[in-house]
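S.K.: Sharing final24.txt below, compact mmCIF, C-alpha atoms:
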```txt
# COMPACT_ATOMS: atom_id res chain seq x y z
CA MET A 10 174.82 102.38 118.14
CA GLY A 11 172.08 100.55 116.50
CA ILE A 12 168.65 101.56 115.34
CA LYS A 13 166.12 101.04 118.04
CA LYS A 14 163.09 99.04 116.86
CA GLN A 15 159.71 100.55 117.79
CA ASP A 16 156.68 98.44 118.53
CA GLY A 17 153.21 99.54 117.37
CA PHE A 18 151.54 100.85 114.26
CA THR A 19 152.13 103.94 112.25
CA ILE A 20 149.46 106.57 111.75
CA ILE A 21 149.08 105.46 108.12
CA GLU A 22 148.40 101.86 109.14
CA ILE A 23 145.82 102.92 111.73
CA SER A 24 144.09 105.26 109.23
CA LEU A 25 143.99 102.50 106.63
CA PHE A 26 142.47 100.09 109.19
CA PHE A 27 139.72 102.57 110.13
CA ALA A 28 138.96 103.38 106.49
CA VAL A 29 138.55 99.71 105.53
CA SER A 30 136.56 98.96 108.69
CA GLY A 31 134.26 101.94 108.08
CA LEU A 32 133.70 100.90 104.48
CA LEU A 33 132.81 97.35 105.54
CA LEU A 34 130.46 98.65 108.25
CA MET A 35 128.74 101.04 105.83
CA THR A 36 128.25 98.25 103.28
CA MET A 37 126.84 95.94 105.93
CA MET A 38 124.40 98.57 107.25
CA THR A 39 123.18 99.34 103.74
CA GLY A 40 122.56 95.65 103.12
CA ILE A 41 120.67 95.28 106.40
CA GLY A 42 118.52 98.34 105.60
CA LEU A 43 117.58 96.92 102.20
CA ALA A 44 116.81 93.51 103.70
CA VAL A 45 114.54 95.11 106.33
CA GLN A 46 112.75 97.15 103.66
CA ARG A 47 112.23 94.08 101.46
CA GLN A 48 110.87 92.13 104.42
CA ARG A 49 108.43 94.91 105.31
CA PHE A 50 107.19 95.02 101.73
CA SER A 51 106.86 91.23 101.65
CA ASP A 52 104.94 91.25 104.95
CA ALA A 53 102.58 93.96 103.64
CA VAL A 54 101.89 91.99 100.45
CA ASN A 55 101.32 88.75 102.36
CA SER A 56 98.95 90.32 104.90
CA THR A 57 96.96 92.07 102.15
CA GLN A 58 96.72 88.79 100.26
CA SER A 59 95.56 87.07 103.44
CA PHE A 60 92.84 89.70 104.00
CA LEU A 61 91.59 89.40 100.41
CA GLN A 62 91.64 85.58 100.64
CA GLN A 63 89.61 85.79 103.85
CA GLN A 64 87.04 88.01 102.11
CA TYR A 65 86.83 85.54 99.22
CA ASN A 66 86.35 82.64 101.66
CA GLU A 67 83.61 84.55 103.47
CA THR A 68 81.92 85.06 100.10
CA GLN A 69 81.92 81.32 99.50
CA ILE A 70 80.56 80.61 103.00
CA THR A 71 78.14 83.49 103.52
CA LEU A 72 76.39 84.18 106.81
CA ASN A 73 73.36 86.43 106.89
CA ASP A 74 74.24 88.22 110.13
CA ARG A 75 72.85 91.60 109.19
CA ASP A 76 70.95 93.59 111.80
CA ASN A 77 67.29 94.65 111.72
CA THR A 78 68.02 98.07 110.23
CA ASN A 79 69.30 96.65 106.94
CA ASP A 80 66.41 95.68 104.75
CA CYS A 81 66.40 94.79 101.10
CA GLY A 82 62.99 96.12 100.24
CA SER A 83 61.18 93.05 101.51
CA SER A 84 57.86 93.21 103.31
CA VAL A 85 59.20 91.27 106.30
CA ASP A 86 62.07 93.03 108.04
CA PRO A 87 63.19 91.15 111.17
CA LYS A 88 66.48 89.34 110.88
CA GLY A 89 66.14 85.68 110.00
CA THR A 90 62.55 86.00 108.78
CA SER A 91 62.95 88.25 105.78
CA ASP A 92 63.44 87.22 102.19
CA CYS A 93 66.76 89.06 101.87
CA LEU A 94 69.62 87.03 100.43
CA VAL A 95 73.31 87.76 100.78
CA ILE A 96 74.69 87.10 97.29
CA GLY A 97 78.30 88.13 97.78
CA LYS A 98 80.66 90.90 98.75
CA ILE A 99 82.08 94.03 97.21
CA VAL A 100 85.71 94.78 98.00
CA ASP A 101 86.61 98.46 97.69
CA LEU A 102 90.37 98.77 97.30
CA GLY A 103 90.36 102.38 98.48
CA LEU A 104 92.63 103.76 95.79
CA GLU A 105 90.92 107.15 95.45
CA ASN A 106 93.82 108.96 97.17
CA PRO A 107 97.05 107.48 95.79
CA GLY A 108 99.27 110.02 97.60
CA ALA A 109 98.01 109.11 101.07
CA GLN A 110 100.24 107.36 103.58
CA VAL A 111 97.46 104.94 104.55
CA SER A 112 95.02 103.21 102.21
CA THR A 113 91.95 101.36 103.42
CA ILE A 114 90.43 98.27 101.85
CA ASN A 115 86.72 97.92 102.70
CA SER A 116 84.48 94.93 102.20
CA TYR A 117 80.66 95.07 102.16
CA ARG A 118 77.96 92.43 101.82
CA VAL A 119 75.65 92.56 98.81
CA ILE A 120 72.00 91.69 99.37
CA VAL A 121 69.02 91.14 97.09
CA ASN A 122 65.44 90.28 97.92
CA GLN A 123 64.16 86.79 97.14
CA SER A 124 61.94 87.90 94.26
CA GLY A 125 64.94 89.62 92.63
CA ALA A 126 67.05 86.50 93.01
CA ASP A 127 64.28 84.36 91.53
CA ALA A 128 63.93 86.74 88.57
CA ALA A 129 67.70 86.62 88.01
CA ALA A 130 67.72 82.82 88.13
CA ILE A 131 65.01 82.37 85.49
CA ALA A 132 66.33 85.06 83.16
CA VAL A 133 67.66 83.86 79.82
CA PRO A 134 70.62 83.99 79.90
CA PRO A 135 70.88 83.85 83.72
CA LEU A 136 72.03 87.09 85.29
CA THR A 137 75.49 87.24 86.78
CA ASP A 138 76.16 88.94 90.12
CA LEU A 139 77.41 92.01 88.26
CA ASP A 140 74.20 92.12 86.19
CA MET A 141 72.19 91.86 89.40
CA LEU A 142 74.10 94.79 90.90
CA ASN A 143 73.47 96.95 87.84
CA ASP A 144 69.75 96.14 87.50
CA PRO A 145 67.81 98.69 89.59
CA SER A 146 64.56 96.68 89.39
CA LEU A 147 66.11 93.89 91.51
CA ASN A 148 66.81 96.26 94.43
CA THR A 149 70.29 94.78 94.78
CA ARG A 150 72.72 96.82 96.80
CA ALA A 151 75.79 96.71 98.94
CA ILE A 152 75.08 97.27 102.60
CA LYS A 153 77.47 99.93 103.81
CA ASP A 154 77.23 100.40 107.55
CA SER A 155 79.40 99.95 110.61
CA ASN A 156 77.92 96.53 111.41
CA ASN A 157 78.77 95.15 107.99
CA GLU A 158 81.95 96.89 106.95
CA VAL A 159 85.25 95.04 107.26
CA SER A 160 88.29 97.29 106.89
CA TYR A 161 91.97 96.67 106.44
CA LEU A 162 94.57 99.45 106.68
CA MET A 163 97.56 99.33 104.38
CA GLN A 164 100.56 101.44 105.34
CA ALA A 165 102.37 103.05 102.43
CA THR A 166 105.87 101.63 102.18
CA PRO A 167 108.15 103.78 100.04
CA LEU A 168 110.02 101.82 97.43
CA SER A 169 113.61 102.86 97.08
CA ARG A 170 116.42 101.29 95.17
```
Take the structure I supplied and represent it as structure tokens, if you would.
M.R.:
Amino acid sequence: MGIKKQDGFTIIEISLFFAVSGLLLMTMMTGIGLAVQRQRFSDAVNSTQSFLQQQYNETQITLNDRDNTNDCGSSVDPKGTSDCLVIGKIVDLGLENPGAQVSTINSYRVIVNQSGADAAAIAVPPLTDLDMLNDPSLNTRAIKDSNNEVSYLMQATPLSR
């Protein structure tokens, strides 16, 4: 009588196969999760940068498309006939609530009346935009209303290691 040879795998071999396969699968899923998280963060940074670049470009090429309710203290109020000048934009980064899940970046136009802009231009030294904003006699202000506000929502992405 001889020893009969059995075909197949032992329980130890099958257990070892499943353990190695499970370890490889767990490592792969962890790597995919980190890659997805990095891509989400990268997309959020790129879209925020794009929004801020757009606001900067709109500052360089300013359109005075304010409505009739926004005056700058001029005597002539209708749109297109007043002496209000759009001198730039204020970007509010919305960081007052750092624990919130959503943060909003708002952008507003800054206007000044023509006499204020003329006074700023002839001042020695010439006034910067920040000086114009801080000088109450120039009646410079940011227009904050629904027709002028441009908002961008940033979702909070938790950073984990």
S.K.: In Å, how far is it from atom CA of A:Asn115 to atom CA of A:Gly103?
M.R.: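 Result for atom CA of A:Asn115 versus atom CA of A:Gly103: 7.1 Å, one decimal.
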S.K.: Take atom CA of A:Ser59 and atom CA of A:Val111 and report the distance between them in Å, one decimal.
M.R.: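 If I compute the distance from atom CA of A:Ser59 to atom CA of A:Val111, I get 18.0 Å.
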S.K.: Would you list the residues near (82.5, 96.5, 102.3) (no more than 6 Å away, in the coordinates of the file, using only C-alpha atoms) as a list of chain:residue names?
M.R.: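 Those residues lying close to the given coordinates are A:Ile99, A:Val100, A:Asn115, A:Ser116, A:Tyr117, A:Glu158, A:Val159.
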S.K.: Take atom CA of A:Ser160 and atom CA of A:Thr113 and report the distance between them in Å, one decimal.
M.R.: 6.5 Å
S.K.: Counting all atoms listed in the file, figure out which residue out of A:Gln15, A:Glu67, A:Leu102, A:Ala28 gets nearest to A:Met163.
M.R.: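 Comparing A:Gln15, A:Glu67, A:Leu102, A:Ala28 against A:Met163, the winner is A:Leu102.
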S.K.: In terms of the shortest atom-to-atom distance over only C-alpha atoms, which of A:Asp16, A:Gln46, A:Ala53, A:Lys98 is closest to A:Tyr65?
M.R.: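 Nearest to A:Tyr65: A:Lys98.
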S.K.: Calculated over only C-alpha atoms, which of the candidates A:Val45, A:Ile114, A:Met35, A:Ile12 has the smallest distance to A:Gln58?
M.R.: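 Nearest to A:Gln58: A:Ile114.
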